[in-house]
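Enquirer: My structure is stored as coords_7.cif, with mmCIF, C-alpha atoms.
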```
data_input
#
loop_
_atom_site.label_atom_id
_atom_site.label_comp_id
_atom_site.auth_asym_id
_atom_site.auth_seq_id
_atom_site.Cartn_x
_atom_site.Cartn_y
_atom_site.Cartn_z
CA MET A 1 3.78 5.60 5.42
CA LYS A 2 6.49 3.06 5.04
CA ARG A 3 9.74 4.50 3.75
CA GLY A 4 10.96 1.18 2.44
CA LEU A 5 8.76 -1.03 0.28
CA ILE A 6 5.32 0.06 0.96
CA ALA A 7 2.77 -2.16 1.21
CA ALA A 8 4.79 -5.05 0.93
CA ALA A 9 2.84 -5.29 3.65
CA GLY A 10 1.28 -1.95 4.08
CA VAL A 11 1.38 -2.84 7.89
CA ALA A 12 1.14 -0.71 11.02
CA ALA A 13 0.38 -0.41 14.70
CA LEU A 14 0.76 -0.21 18.34
CA VAL A 15 1.71 -0.99 21.91
CA VAL A 16 2.22 1.21 24.93
CA ASN A 17 0.82 2.15 28.23
CA VAL A 18 -2.75 3.33 28.19
CA ALA A 19 -3.21 6.40 30.29
CA ALA A 20 -5.55 6.19 33.25
CA CYS A 21 -9.24 6.41 32.46
CA GLY A 22 -11.59 8.74 34.19
CA SER A 23 -13.91 7.24 36.76
CA ASP A 24 -16.90 7.70 34.47
CA ASP A 25 -16.13 5.08 31.81
CA GLY A 26 -19.57 3.49 31.89
CA ASP A 27 -22.48 3.91 29.54
CA LYS A 28 -22.31 7.68 29.31
CA SER A 29 -21.43 9.29 26.02
CA GLY A 30 -20.86 12.84 24.89
CA PRO A 31 -18.09 15.36 25.57
CA ASP A 32 -18.71 15.68 29.32
CA SER A 33 -18.01 11.98 29.91
CA PHE A 34 -14.61 12.19 28.19
CA LYS A 35 -13.02 14.90 30.33
CA GLY A 36 -9.91 13.72 32.12
CA GLN A 37 -9.39 10.76 29.81
CA THR A 38 -6.47 10.11 27.48
CA LEU A 39 -6.84 8.31 24.16
CA THR A 40 -3.79 6.37 22.96
CA LEU A 41 -3.16 6.32 19.22
CA TRP A 42 -0.52 4.07 17.69
CA ALA A 43 0.65 5.24 14.27
CA MET A 44 3.59 4.23 12.14
CA ASP A 45 6.68 6.33 11.61
CA GLY A 46 5.93 8.78 8.80
CA SER A 47 2.15 8.34 8.70
CA THR A 48 1.15 11.51 10.58
CA PRO A 49 2.43 14.74 8.97
CA LYS A 50 3.27 17.40 11.56
CA GLN A 51 0.59 19.96 10.71
CA TRP A 52 -2.07 17.26 10.32
CA GLU A 53 -1.18 15.86 13.72
CA LYS A 54 -1.25 19.29 15.36
CA ASP A 55 -4.63 20.23 13.89
CA VAL A 56 -6.30 16.87 14.55
CA ARG A 57 -5.08 16.89 18.13
CA ALA A 58 -6.48 20.39 18.67
CA ALA A 59 -9.84 19.49 17.14
CA PHE A 60 -10.11 16.27 19.15
CA GLU A 61 -9.22 17.86 22.46
CA LYS A 62 -11.56 20.81 21.86
CA LYS A 63 -14.51 18.57 20.99
CA THR A 64 -14.07 15.91 23.67
CA GLY A 65 -12.12 17.51 26.49
CA ALA A 66 -9.88 14.44 26.43
CA LYS A 67 -6.18 14.26 25.63
CA LEU A 68 -4.56 12.49 22.68
CA LYS A 69 -1.40 10.47 23.23
CA LEU A 70 0.35 9.61 19.97
CA GLU A 71 2.84 6.76 20.11
CA VAL A 72 4.91 6.41 16.94
CA GLN A 73 5.86 2.84 16.01
CA GLN A 74 8.73 1.51 13.91
CA TRP A 75 8.34 -1.02 11.12
CA ASN A 76 10.75 -3.66 12.29
CA GLY A 77 8.82 -6.46 14.00
CA ILE A 78 5.55 -4.56 13.88
CA GLN A 79 3.26 -7.49 13.05
CA GLN A 80 4.20 -9.35 16.20
CA LYS A 81 3.77 -6.14 18.23
CA ILE A 82 0.25 -5.72 16.87
CA THR A 83 -0.68 -9.31 17.60
CA THR A 84 0.67 -9.08 21.13
CA ALA A 85 -0.93 -5.72 21.87
CA LEU A 86 -4.37 -6.81 20.70
CA SER A 87 -4.27 -9.87 22.95
CA GLU A 88 -3.46 -7.90 26.11
CA SER A 89 -5.89 -6.42 28.63
CA ASP A 90 -4.72 -2.84 28.07
CA PRO A 91 -4.33 -2.39 24.30
CA PRO A 92 -3.91 1.01 22.67
CA ASP A 93 -7.28 2.50 21.76
CA VAL A 94 -6.88 3.48 18.10
CA ILE A 95 -4.35 1.69 15.93
CA GLU A 96 -3.00 2.08 12.44
CA VAL A 97 -3.04 -1.29 10.71
CA GLY A 98 -1.73 -2.16 7.28
CA ASN A 99 -4.55 -2.69 4.83
CA THR A 100 -3.50 -6.19 3.76
CA GLN A 101 -3.12 -7.29 7.37
CA THR A 102 -6.51 -6.08 8.58
CA PRO A 103 -8.39 -9.37 7.88
CA ALA A 104 -5.95 -11.36 10.01
CA TYR A 105 -6.45 -9.08 13.03
CA ALA A 106 -10.22 -9.01 12.50
CA LYS A 107 -10.44 -12.79 12.41
CA THR A 108 -8.83 -13.12 15.83
CA GLY A 109 -11.40 -10.79 17.38
CA GLY A 110 -8.84 -8.07 18.06
CA LEU A 111 -10.69 -5.27 16.25
CA ALA A 112 -14.00 -3.61 17.10
CA ASP A 113 -16.92 -3.65 14.66
CA LEU A 114 -17.22 -0.19 13.09
CA SER A 115 -20.25 -0.79 10.89
CA ASP A 116 -22.10 2.09 12.55
CA LEU A 117 -19.19 4.44 11.78
CA LYS A 118 -19.31 3.38 8.12
CA LYS A 119 -22.95 4.41 7.93
CA GLY A 120 -22.23 7.74 9.56
CA VAL A 121 -19.05 9.07 7.95
CA GLY A 122 -18.06 6.46 5.37
CA ALA A 123 -20.98 6.27 3.00
CA ASP A 124 -18.83 7.54 0.12
CA TRP A 125 -15.51 5.88 0.93
CA THR A 126 -13.86 4.71 -2.29
CA PRO A 127 -14.84 1.02 -2.65
CA SER A 128 -11.41 -0.15 -3.80
CA ILE A 129 -9.75 1.49 -0.78
CA ASN A 130 -12.42 0.43 1.72
CA LYS A 131 -12.39 -3.20 0.64
CA SER A 132 -9.46 -4.08 2.91
CA ALA A 133 -11.27 -2.73 5.99
CA VAL A 134 -14.12 -5.23 5.64
CA TYR A 135 -13.96 -8.82 6.85
CA ASP A 136 -16.74 -11.40 6.79
CA GLY A 137 -19.20 -8.70 5.78
CA LYS A 138 -18.42 -6.37 8.69
CA GLN A 139 -16.49 -3.10 8.86
CA TYR A 140 -13.51 -3.65 11.17
CA ALA A 141 -11.52 -0.53 10.31
CA ALA A 142 -11.77 2.82 8.59
CA PRO A 143 -9.76 3.26 5.37
CA TRP A 144 -7.22 5.99 6.10
CA PHE A 145 -5.12 6.42 2.98
CA ALA A 146 -3.70 4.54 0.01
CA VAL A 147 -0.59 4.71 -2.12
CA ASN A 148 0.17 3.11 -5.45
CA ARG A 149 2.90 3.00 -8.02
CA THR A 150 3.41 5.24 -11.03
CA VAL A 151 5.96 5.45 -13.82
CA ILE A 152 8.82 7.68 -12.73
CA TYR A 153 10.82 8.64 -15.81
CA ASN A 154 13.84 10.61 -16.95
CA LYS A 155 12.50 13.36 -19.22
CA LYS A 156 15.91 14.04 -20.75
CA ILE A 157 16.40 10.44 -21.86
CA TRP A 158 12.90 10.34 -23.29
CA ALA A 159 13.53 13.58 -25.18
CA ASP A 160 16.83 12.22 -26.51
CA ALA A 161 14.87 9.25 -27.87
CA GLY A 162 12.50 11.64 -29.64
CA ILE A 163 9.51 10.73 -27.52
CA LYS A 164 6.87 13.43 -27.19
CA GLY A 165 4.24 13.21 -24.50
CA THR A 166 3.58 10.16 -22.35
CA PRO A 167 2.01 6.84 -23.38
CA LYS A 168 -1.69 6.21 -22.86
CA THR A 169 -1.70 2.46 -23.52
CA ARG A 170 0.58 -0.42 -22.60
CA ASP A 171 1.61 -0.90 -26.24
CA GLU A 172 2.51 2.79 -26.51
CA PHE A 173 4.65 2.36 -23.41
CA PHE A 174 6.46 -0.59 -24.98
CA ASP A 175 6.97 1.46 -28.16
CA ALA A 176 8.58 4.21 -26.07
CA LEU A 177 10.89 1.68 -24.42
CA ASP A 178 11.81 0.39 -27.89
CA ARG A 179 12.77 3.88 -28.98
CA ILE A 180 14.94 4.44 -25.91
CA GLU A 181 16.66 1.11 -26.51
CA LYS A 182 17.38 1.89 -30.16
CA LYS A 183 18.19 5.60 -29.98
CA THR A 184 20.04 6.05 -26.68
CA ASP A 185 22.63 4.31 -24.55
CA ALA A 186 20.25 4.25 -21.58
CA GLU A 187 18.57 1.23 -20.02
CA PRO A 188 14.92 1.73 -21.10
CA ILE A 189 13.41 0.67 -17.78
CA TYR A 190 14.72 -0.79 -14.54
CA MET A 191 12.60 -3.87 -13.83
CA PRO A 192 14.10 -6.44 -11.45
CA GLY A 193 12.79 -9.98 -11.61
CA GLN A 194 10.92 -9.81 -8.32
CA ASN A 195 8.99 -6.53 -8.34
CA TRP A 196 6.10 -8.45 -6.82
CA TYR A 197 3.74 -5.57 -6.15
CA PHE A 198 3.93 -4.36 -9.75
CA PHE A 199 3.21 -7.94 -10.82
CA ASP A 200 0.23 -7.97 -8.46
CA GLY A 201 -1.11 -4.95 -10.34
CA LEU A 202 -0.92 -6.90 -13.60
CA LEU A 203 -2.81 -9.74 -11.92
CA ILE A 204 -5.48 -7.31 -10.76
CA ALA A 205 -5.85 -5.92 -14.30
CA GLY A 206 -6.16 -9.44 -15.70
CA ASP A 207 -8.70 -10.56 -13.11
CA ALA A 208 -6.25 -13.29 -12.09
CA ASP A 209 -6.69 -14.90 -8.67
CA LEU A 210 -3.70 -16.26 -6.76
CA VAL A 211 -5.85 -18.44 -4.47
CA LYS A 212 -9.04 -20.45 -4.76
CA LYS A 213 -11.30 -22.40 -2.42
CA LYS A 214 -10.99 -26.19 -2.51
CA GLY A 215 -12.60 -28.47 0.01
CA GLY A 216 -13.38 -25.52 2.26
CA LYS A 217 -9.74 -24.39 2.33
CA TRP A 218 -7.77 -21.76 0.46
CA VAL A 219 -5.19 -23.23 -1.90
CA SER A 220 -2.87 -21.95 -4.62
CA ASN A 221 -4.29 -20.86 -7.96
CA LEU A 222 -0.87 -19.88 -9.28
CA SER A 223 -1.03 -22.30 -12.21
CA ASP A 224 -4.09 -20.52 -13.64
CA LEU A 225 -3.61 -19.37 -17.23
CA LYS A 226 -4.62 -15.80 -16.31
CA VAL A 227 -1.67 -15.66 -13.92
CA GLY A 228 0.57 -16.90 -16.72
CA LYS A 229 -0.71 -14.21 -19.07
CA ALA A 230 0.05 -11.49 -16.51
CA MET A 231 3.54 -12.93 -16.08
CA GLU A 232 4.11 -12.76 -19.84
CA THR A 233 3.38 -9.03 -19.69
CA TYR A 234 5.81 -8.69 -16.80
CA LYS A 235 8.40 -10.66 -18.78
CA LYS A 236 8.12 -8.20 -21.65
CA TYR A 237 8.80 -5.27 -19.32
CA ALA A 238 11.78 -7.13 -17.87
CA SER A 239 13.18 -7.74 -21.36
CA TYR A 240 14.01 -4.02 -21.56
CA SER A 241 15.95 -4.14 -18.29
CA GLN A 242 19.41 -5.21 -17.19
CA ALA A 243 18.27 -5.65 -13.58
CA PRO A 244 18.89 -8.93 -11.74
CA LYS A 245 16.25 -11.58 -12.33
CA ASP A 246 16.53 -12.91 -8.79
CA LYS A 247 16.27 -9.64 -6.84
CA ASP A 248 13.49 -7.23 -5.96
CA GLU A 249 13.30 -3.45 -6.26
CA ALA A 250 15.09 -2.95 -2.96
CA THR A 251 18.16 -5.01 -3.83
CA PRO A 252 19.66 -2.69 -4.89
CA GLN A 253 17.28 0.18 -4.28
CA GLN A 254 15.90 0.97 -7.74
CA ALA A 255 15.76 4.68 -6.93
CA GLU A 256 19.51 4.68 -6.43
CA VAL A 257 20.01 2.99 -9.80
CA PHE A 258 17.74 5.57 -11.45
CA ALA A 259 19.66 8.39 -9.75
CA LYS A 260 22.70 7.65 -11.88
CA GLY A 261 20.90 9.12 -14.89
CA LYS A 262 21.35 6.08 -17.13
CA THR A 263 17.83 4.65 -16.80
CA GLY A 264 14.78 5.78 -18.76
CA ALA A 265 12.15 4.85 -16.18
CA PHE A 266 11.15 2.69 -13.28
CA ILE A 267 7.84 1.83 -11.64
CA GLY A 268 7.72 2.89 -8.04
CA LEU A 269 6.27 4.96 -5.22
CA SER A 270 6.58 8.72 -4.88
CA TRP A 271 9.08 8.58 -2.04
CA GLU A 272 11.45 6.70 -4.34
CA ALA A 273 11.79 9.79 -6.53
CA ALA A 274 12.84 11.70 -3.41
CA THR A 275 15.41 9.00 -2.73
CA ALA A 276 16.79 9.41 -6.24
CA ILE A 277 17.12 13.16 -5.71
CA GLU A 278 18.89 12.61 -2.39
CA ASN A 279 21.44 10.50 -4.24
CA ASN A 280 21.82 12.92 -7.16
CA LYS A 281 20.42 16.43 -6.82
CA LYS A 282 21.05 17.14 -10.50
CA ILE A 283 18.46 14.59 -11.59
CA GLU A 284 15.58 16.47 -9.96
CA LYS A 285 14.93 18.66 -13.00
CA ASP A 286 14.65 15.61 -15.25
CA ILE A 287 12.12 13.61 -13.22
CA GLY A 288 8.57 13.21 -14.48
CA TYR A 289 5.61 11.01 -13.58
CA PHE A 290 2.73 9.38 -15.41
CA THR A 291 0.02 6.84 -14.63
CA ILE A 292 0.98 3.29 -15.54
CA PRO A 293 -0.89 2.80 -18.82
CA GLY A 294 -3.19 -0.17 -19.22
CA GLU A 295 -4.20 -2.28 -22.17
CA THR A 296 -6.60 0.35 -23.51
CA ALA A 297 -6.57 4.13 -23.41
CA GLY A 298 -8.58 5.66 -20.60
CA LYS A 299 -8.20 2.62 -18.33
CA PRO A 300 -4.95 2.63 -16.34
CA GLU A 301 -3.00 -0.49 -15.49
CA GLY A 302 -4.09 -2.38 -12.39
CA VAL A 303 -2.17 -1.33 -9.31
CA PHE A 304 -1.61 -2.70 -5.84
CA LEU A 305 -3.08 -0.27 -3.33
CA GLY A 306 -0.75 -0.11 -0.36
CA GLY A 307 -1.75 1.94 2.63
CA SER A 308 -3.26 1.88 6.06
CA ASN A 309 -6.51 1.65 7.95
CA LEU A 310 -7.38 3.00 11.38
CA ALA A 311 -9.04 0.55 13.75
CA ILE A 312 -10.26 0.47 17.34
CA ALA A 313 -8.94 -2.31 19.55
CA ALA A 314 -11.80 -4.54 20.68
CA GLY A 315 -10.27 -4.56 24.16
CA SER A 316 -10.13 -0.80 24.51
CA GLU A 317 -12.21 0.59 27.39
CA LYS A 318 -12.74 3.84 25.47
CA GLN A 319 -14.83 2.68 22.51
CA GLU A 320 -16.98 5.82 22.24
CA LEU A 321 -14.05 8.19 22.67
CA ALA A 322 -12.12 6.27 20.02
CA LYS A 323 -15.05 6.64 17.62
CA GLU A 324 -15.09 10.38 18.27
CA PHE A 325 -11.43 10.47 17.23
CA LEU A 326 -12.15 8.53 14.04
CA LYS A 327 -15.04 10.84 13.14
CA ILE A 328 -12.61 13.76 13.32
CA ALA A 329 -9.65 12.10 11.60
CA MET A 330 -11.88 10.69 8.84
CA SER A 331 -13.73 13.94 8.20
CA ASP A 332 -13.36 15.54 4.78
CA LYS A 333 -11.40 18.37 6.38
CA PHE A 334 -8.68 16.19 7.81
CA GLU A 335 -8.66 13.52 5.10
CA GLY A 336 -8.13 16.33 2.60
CA ALA A 337 -5.39 17.84 4.74
CA LEU A 338 -3.65 14.46 5.01
CA ALA A 339 -3.73 14.08 1.23
CA LYS A 340 -2.35 17.57 0.64
CA GLU A 341 0.40 17.44 3.26
CA GLY A 342 1.32 13.77 2.98
CA GLY A 343 0.81 13.26 -0.76
CA VAL A 344 -1.23 10.10 -0.16
CA ILE A 345 -4.49 9.11 -1.83
CA PRO A 346 -7.49 10.08 0.34
CA ASN A 347 -10.31 7.65 1.11
CA LYS A 348 -12.85 9.49 -1.03
CA ASP A 349 -12.72 10.21 -4.76
CA ALA A 350 -14.22 13.63 -4.10
CA LEU A 351 -11.10 14.63 -2.13
CA GLN A 352 -8.57 13.87 -4.86
CA GLY A 353 -8.57 17.53 -5.82
CA ARG A 354 -6.40 18.11 -2.74
CA LEU A 355 -3.57 16.37 -4.60
CA LYS A 356 -3.30 19.18 -7.15
CA GLY A 357 0.22 20.48 -7.39
CA ASN A 358 1.77 17.15 -6.39
CA PRO A 359 2.71 15.55 -9.74
CA ALA A 360 3.46 12.12 -8.28
CA ALA A 361 0.12 11.92 -6.45
CA GLU A 362 -1.75 13.31 -9.46
CA ALA A 363 -0.26 10.53 -11.57
CA ALA A 364 -1.21 7.89 -9.00
CA ALA A 365 -4.82 8.95 -8.45
CA PRO A 366 -6.40 7.82 -11.78
CA ALA A 367 -5.51 4.17 -11.13
CA VAL A 368 -7.12 3.97 -7.69
CA ALA A 369 -10.69 3.19 -8.77
CA ASP A 370 -9.64 -0.10 -10.40
CA GLY A 371 -6.81 -0.86 -8.00
CA GLY A 372 -6.74 -3.82 -5.66
CA LEU A 373 -4.76 -5.77 -3.10
CA THR A 374 -3.33 -9.17 -2.37
CA PRO A 375 -5.92 -11.84 -1.43
CA LEU A 376 -7.91 -10.41 1.49
CA ILE A 377 -7.93 -13.56 3.57
CA PRO A 378 -6.33 -14.08 6.99
CA GLU A 379 -4.44 -17.08 5.58
CA TRP A 380 -2.44 -14.76 3.32
CA ALA A 381 -0.60 -13.22 6.29
CA GLY A 382 2.37 -15.59 6.11
CA VAL A 383 2.58 -16.06 2.36
CA GLU A 384 4.87 -13.12 1.64
CA ASN A 385 7.43 -13.91 4.33
CA PRO A 386 10.86 -14.46 2.78
CA PRO A 387 11.50 -16.34 0.67
CA ASN A 388 8.25 -15.29 -0.99
CA PRO A 389 7.15 -18.21 -3.22
CA ILE A 390 5.54 -15.80 -5.71
CA LYS A 391 8.90 -14.09 -6.19
CA THR A 392 10.54 -17.48 -6.68
CA TYR A 393 7.97 -18.26 -9.36
CA MET A 394 8.67 -14.96 -11.13
CA THR A 395 12.41 -15.55 -11.24
CA SER A 396 11.90 -19.08 -12.57
CA VAL A 397 9.81 -17.79 -15.47
CA LEU A 398 12.31 -15.05 -16.30
CA LYS A 399 15.11 -17.62 -16.29
CA GLY A 400 13.34 -19.77 -18.87
CA LYS A 401 10.86 -22.07 -17.14
CA SER A 402 7.34 -22.31 -18.47
CA HIS A 403 4.55 -20.76 -16.45
CA GLY A 404 3.20 -24.20 -15.55
CA ALA A 405 6.54 -25.61 -14.44
CA ALA A 406 7.43 -22.51 -12.43
CA ALA A 407 4.05 -22.54 -10.70
CA LYS A 408 4.27 -26.26 -9.90
CA GLY A 409 7.70 -25.69 -8.37
CA VAL A 410 6.35 -23.42 -5.63
CA GLU A 411 2.73 -24.44 -5.14
CA GLY A 412 3.63 -26.93 -2.43
CA GLU A 413 5.23 -24.19 -0.34
CA LEU A 414 2.40 -21.78 -1.12
CA ASN A 415 -0.21 -24.30 0.03
CA LYS A 416 1.80 -25.01 3.17
CA ARG A 417 1.75 -21.34 4.09
CA LEU A 418 -1.94 -21.00 3.31
CA SER A 419 -2.71 -23.88 5.67
CA GLN A 420 -0.85 -22.39 8.65
CA LYS A 421 -3.03 -21.34 11.55
CA GLN A 422 -3.22 -17.59 12.13
#
```
Show this structure as structure tokens.
Expert:
Amino acid sequence: MKRGLIAAAGVAALVVNVAACGSDDGDKSGPDSFKGQTLTLWAMDGSTPKQWEKDVRAAFEKKTGAKLKLEVQQWNGIQQKITTALSESDPPDVIEVGNTQTPAYAKTGGLADLSDLKKGVGADWTPSINKSAVYDGKQYAAPWFAVNRTVIYNKKIWADAGIKGTPKTRDEFFDALDRIEKKTDAEPIYMPGQNWYFFDGLLIAGDADLVKKKGGKWVSNLSDLKVGKAMETYKKYASYSQAPKDKDEATPQQAEVFAKGKTGAFIGLSWEAATAIENNKKIEKDIGYFTIPGETAGKPEGVFLGGSNLAIAAGSEKQELAKEFLKIAMSDKFEGALAKEGGVIPNKDALQGRLKGNPAAEAAAPAVADGGLTPLIPEWAGVENPPNPIKTYMTSVLKGKSHGAAAKGVEGELNKRLSQKQ
């Protein structure tokens, strides 16, 4: 799992030498045909908890007689590494790919069709999490895990403001921020002008589409009134914050701001709370979590579902062995173990009970069913490269431009990126 801004791309992957295959790599299947082989798995730094890795390796090697070679990848430059690896004659066998990037790799023919695996072990995969693993009606990856944002708040500041309990609706949340503003010296919420993935959650809740088809091509839909309505909600959150209007949550790191103990809340990922504690151990006792409340009680706010899928390289010579690995890794036993040890959302609703005792994950789980992603089209791959035109739009609105004018100011660049060949 990315230890910076997750999902900003939610990306992942591979590259390395594939160990020598056995001489029996033909049409045979079953454990006997796998002996002497080595399966190469590329996973991102932080995605495979130690105990999970140990247990999955043991189960895989016991069942197949093959060896598992895990190659951990770093985030810097990973998209190009994935693209290069998938185009070579000796790609890694199983790869972790970011959920939002999966369609781009599937379109190029780099990923194997896993529709048969979906029928076998994925019949009850959570639809919102599995959506990113499907392209053009076919299953090109297996949904591995998801993460989403929650409200991370300072319980002491909220108590000083006389707030009891946590809000269940968006309006109740705004009322709480009002109370903090009026009754304490704290900043009610830290909300920089370019917290794009939180904004994407508001778009998801409002059924607002950032792109549309025109003349057979994907073009910007940023000027749509539904997008403007979501931005108005974002603008209200930002009105309670002193954060820069032209920066995102990493500049500065919002967790480090929160660690100073002068901020009532921020919207972020669970690892950001750990970052706050690293910067100020004393704040640990004051940290609490709750699901981002939506417009009505009982229906959480829309959230961007970051995370990763596991895919098999189309060029791998060990297709059947790779599927055996996925059957093990995606089993309820090991999906549940990953959720418990890693604190990530498992790919099945029935496994969310494994999150019990992890307050951040428990707060994140209720929003998963209605969560979503960025547009799941290959053409989206280059849109978020800096400077992200959506972020530019957000800053323009917060600095006083109308929704329409701000959208018009960036739609040319957005359309240019959507037209680039992938």
Enquirer: Please enumerate the residues selected by the PyMOL selection byres ((chain A and resi 361) around 8) when evaluated against the supplied file, formatted as a list in words.
Expert: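 Checked against the file, the PyMOL selection byres ((chain A and resi 361) around 8) matches Ser270, Gly343, Val344, Ile345, Leu355, Asn358, Pro359, Ala360, Glu362, Ala363, Ala364 and Ala365 of chain A.
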Enquirer: I need the residue set behind the PyMOL selection byres ((chain A and resi 350) around 12) for this file; please write it as an MDAnalysis selection string.
Expert: chainID A and resid 124:126 332:333 335:336 339 345:349 351:355 365 369
Enquirer: Restricting the calculation to all atoms listed in the file: of A:Ala255, A:Leu338, A:Ile390, A:Ala313, which residue gets closest to Ala85 of chain A?
Expert: A:Ala313
Enquirer: Suppose you want the space between atom CA of Phe304 of chain A and atom CA of Ala159 of chain A; what is it in Å?
Expert: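 So the answer is 29.5 Å.
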Enquirer: Mind giving me the straight-line distance from atom CA of Thr83 of chain A to atom CA of Lys67 of chain A in Å, one decimal?
Expert: 25.5 Å
Enquirer: From the options A:Ala311, A:Ala142, A:Ile283, A:Val151, which residue's atoms come nearest to Pro91 of chain A, counting only C-alpha atoms?
Expert: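 With only C-alpha atoms as the atom set, the closest residue is A:Ala311.
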Enquirer: Quick check, in Å to one decimal: how far apart do atom CA of Leu41 of chain A and atom CA of Ile377 of chain A lie?
Expert: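 Taking atom CA of Leu41 of chain A and atom CA of Ile377 of chain A, their separation equals 25.7 Å.
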Enquirer: Please list as a list of chain:residue names every residue within 7 Å of Lys247 of chain A, counting all atoms listed in the file and excluding residues in the same chain fewer than 4 positions away.
Expert: A:Pro192, A:Gly193, A:Gln194, A:Thr251
Enquirer: Run the PyMOL selection byres ((chain A and resi 405) around 12) on the file and write out the hits as a PyMOL selection string.
Expert: chain A and resi 222-224+228+392-394+396-397+399-404+406-411
Enquirer: Can you list, as a ChimeraX atom specification, every protein, DNA or RNA residue that comes within 7 Å of segment 107-120 of chain A when you count all atoms listed in the file, leaving out same-chain residues fewer than 6 positions away?
Expert: /A:86-87,138-141,311-314,378
Enquirer: Let me make sure I understand: among A:Leu321, A:Pro167, A:Gly98, A:Phe334, which one has the smallest atom-to-atom distance to Glu61 of chain A if we use only C-alpha atoms?
Expert: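 Result for the nearest residue to Glu61 of chain A: A:Leu321.
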Enquirer: Counting only C-alpha atoms, find the residues whose atoms lie at most 12 Å from (11.4, 9.7, -14.5) (file coordinates) and write them out as an NGL selection string.
Expert: :A and (150-159 or 166 or 188-190 or 254-255 or 257-270 or 272-274 or 276-277 or 283-291 or 359-360)
Enquirer: Considering all atoms listed in the file, state which residue in the set A:Asn76, A:Gln101, A:Ser89, A:Thr38 is at the smallest distance from Asn309 of chain A.
Expert: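 Looking only at the distances to Asn309 of chain A, the closest residue turns out to be A:Gln101.
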Enquirer: Pick out the residues sitting within 9 Å of Lys131 of chain A, and hand them over as a list of chain:residue names; count only C-alpha atoms, and ignore anything fewer than 2 positions along from it in its own chain.
Expert: A:Asn99, A:Thr126, A:Pro127, A:Ser128, A:Ile129, A:Ala133, A:Val134, A:Tyr135, A:Pro143, A:Gly372, A:Leu373, A:Leu376
Enquirer: Please write out, as lines of an AutoDock Vina configuration file, where the centre of an axis-aligned box around all listed atoms of segment 395-407 of chain A lies and how long its edges are, in Å to one decimal, after adding 6 Å on each side.
Expert:
```
center_x = 9.2
center_y = -20.3
center_z = -14.8
size_x = 23.9
size_y = 22.6
size_z = 20.2
```
Enquirer: If I put a ball of radius 9 Å at (14.9, -10.3, -13.0) in the file's coordinates, which residues poke into it when counting all atoms listed in the file, written as a PDB file with C-alpha atoms, in the coordinates of the input?
Expert:
```pdb
ATOM      1  CA  MET A 191      12.600  -3.870 -13.830  1.00  0.00           C
ATOM      2  CA  PRO A 192      14.100  -6.440 -11.450  1.00  0.00           C
ATOM      3  CA  GLY A 193      12.790  -9.980 -11.610  1.00  0.00           C
ATOM      4  CA  GLN A 194      10.920  -9.810  -8.320  1.00  0.00           C
ATOM      5  CA  ASN A 195       8.990  -6.530  -8.340  1.00  0.00           C
ATOM      6  CA  LYS A 235       8.400 -10.660 -18.780  1.00  0.00           C
ATOM      7  CA  ALA A 238      11.780  -7.130 -17.870  1.00  0.00           C
ATOM      8  CA  SER A 239      13.180  -7.740 -21.360  1.00  0.00           C
ATOM      9  CA  SER A 241      15.950  -4.140 -18.290  1.00  0.00           C
ATOM     10  CA  GLN A 242      19.410  -5.210 -17.190  1.00  0.00           C
ATOM     11  CA  ALA A 243      18.270  -5.650 -13.580  1.00  0.00           C
ATOM     12  CA  PRO A 244      18.890  -8.930 -11.740  1.00  0.00           C
ATOM     13  CA  LYS A 245      16.250 -11.580 -12.330  1.00  0.00           C
ATOM     14  CA  ASP A 246      16.530 -12.910  -8.790  1.00  0.00           C
ATOM     15  CA  LYS A 247      16.270  -9.640  -6.840  1.00  0.00           C
ATOM     16  CA  ASP A 248      13.490  -7.230  -5.960  1.00  0.00           C
ATOM     17  CA  MET A 394       8.670 -14.960 -11.130  1.00  0.00           C
ATOM     18  CA  THR A 395      12.410 -15.550 -11.240  1.00  0.00           C
ATOM     19  CA  LEU A 398      12.310 -15.050 -16.300  1.00  0.00           C
ATOM     20  CA  LYS A 399      15.110 -17.620 -16.290  1.00  0.00           C
TER      21      LYS A 399
END
```
Enquirer: Please determine, counting all atoms listed in the file, which residue among A:Lys299, A:Arg417, A:Lys391, A:Lys63 has the shortest atom-to-atom distance to Lys327 of chain A.
Expert: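 Smallest separation from Lys327 of chain A among the options: A:Lys63.
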Enquirer: Per residue of segment 286-375 of chain A within 12 Å of segment 199-209 of chain A, which atom pair is closest and at what distance in Å (one decimal), using only C-alpha atoms, listed by chain and increasing number, as a tab-separated table?
Expert:
```
residue	atom	partner	partner_atom	distance
A:Ile292	CA	A:Gly201	CA	10.0
A:Pro293	CA	A:Ala205	CA	11.0
A:Gly294	CA	A:Ala205	CA	8.0
A:Glu295	CA	A:Ala205	CA	8.8
A:Thr296	CA	A:Ala205	CA	11.2
A:Lys299	CA	A:Ala205	CA	9.7
A:Pro300	CA	A:Ala205	CA	8.8
A:Glu301	CA	A:Ala205	CA	6.2
A:Gly302	CA	A:Ala205	CA	4.4
A:Val303	CA	A:Gly201	CA	3.9
A:Phe304	CA	A:Gly201	CA	5.1
A:Leu305	CA	A:Gly201	CA	8.7
A:Gly306	CA	A:Gly201	CA	11.1
A:Ala367	CA	A:Gly201	CA	10.2
A:Val368	CA	A:Gly201	CA	11.1
A:Ala369	CA	A:Ala205	CA	11.7
A:Asp370	CA	A:Ala205	CA	8.0
A:Gly371	CA	A:Ile204	CA	7.1
A:Gly372	CA	A:Ile204	CA	6.3
A:Leu373	CA	A:Asp200	CA	7.6
A:Thr374	CA	A:Asp200	CA	7.2
A:Pro375	CA	A:Asp209	CA	7.9
```
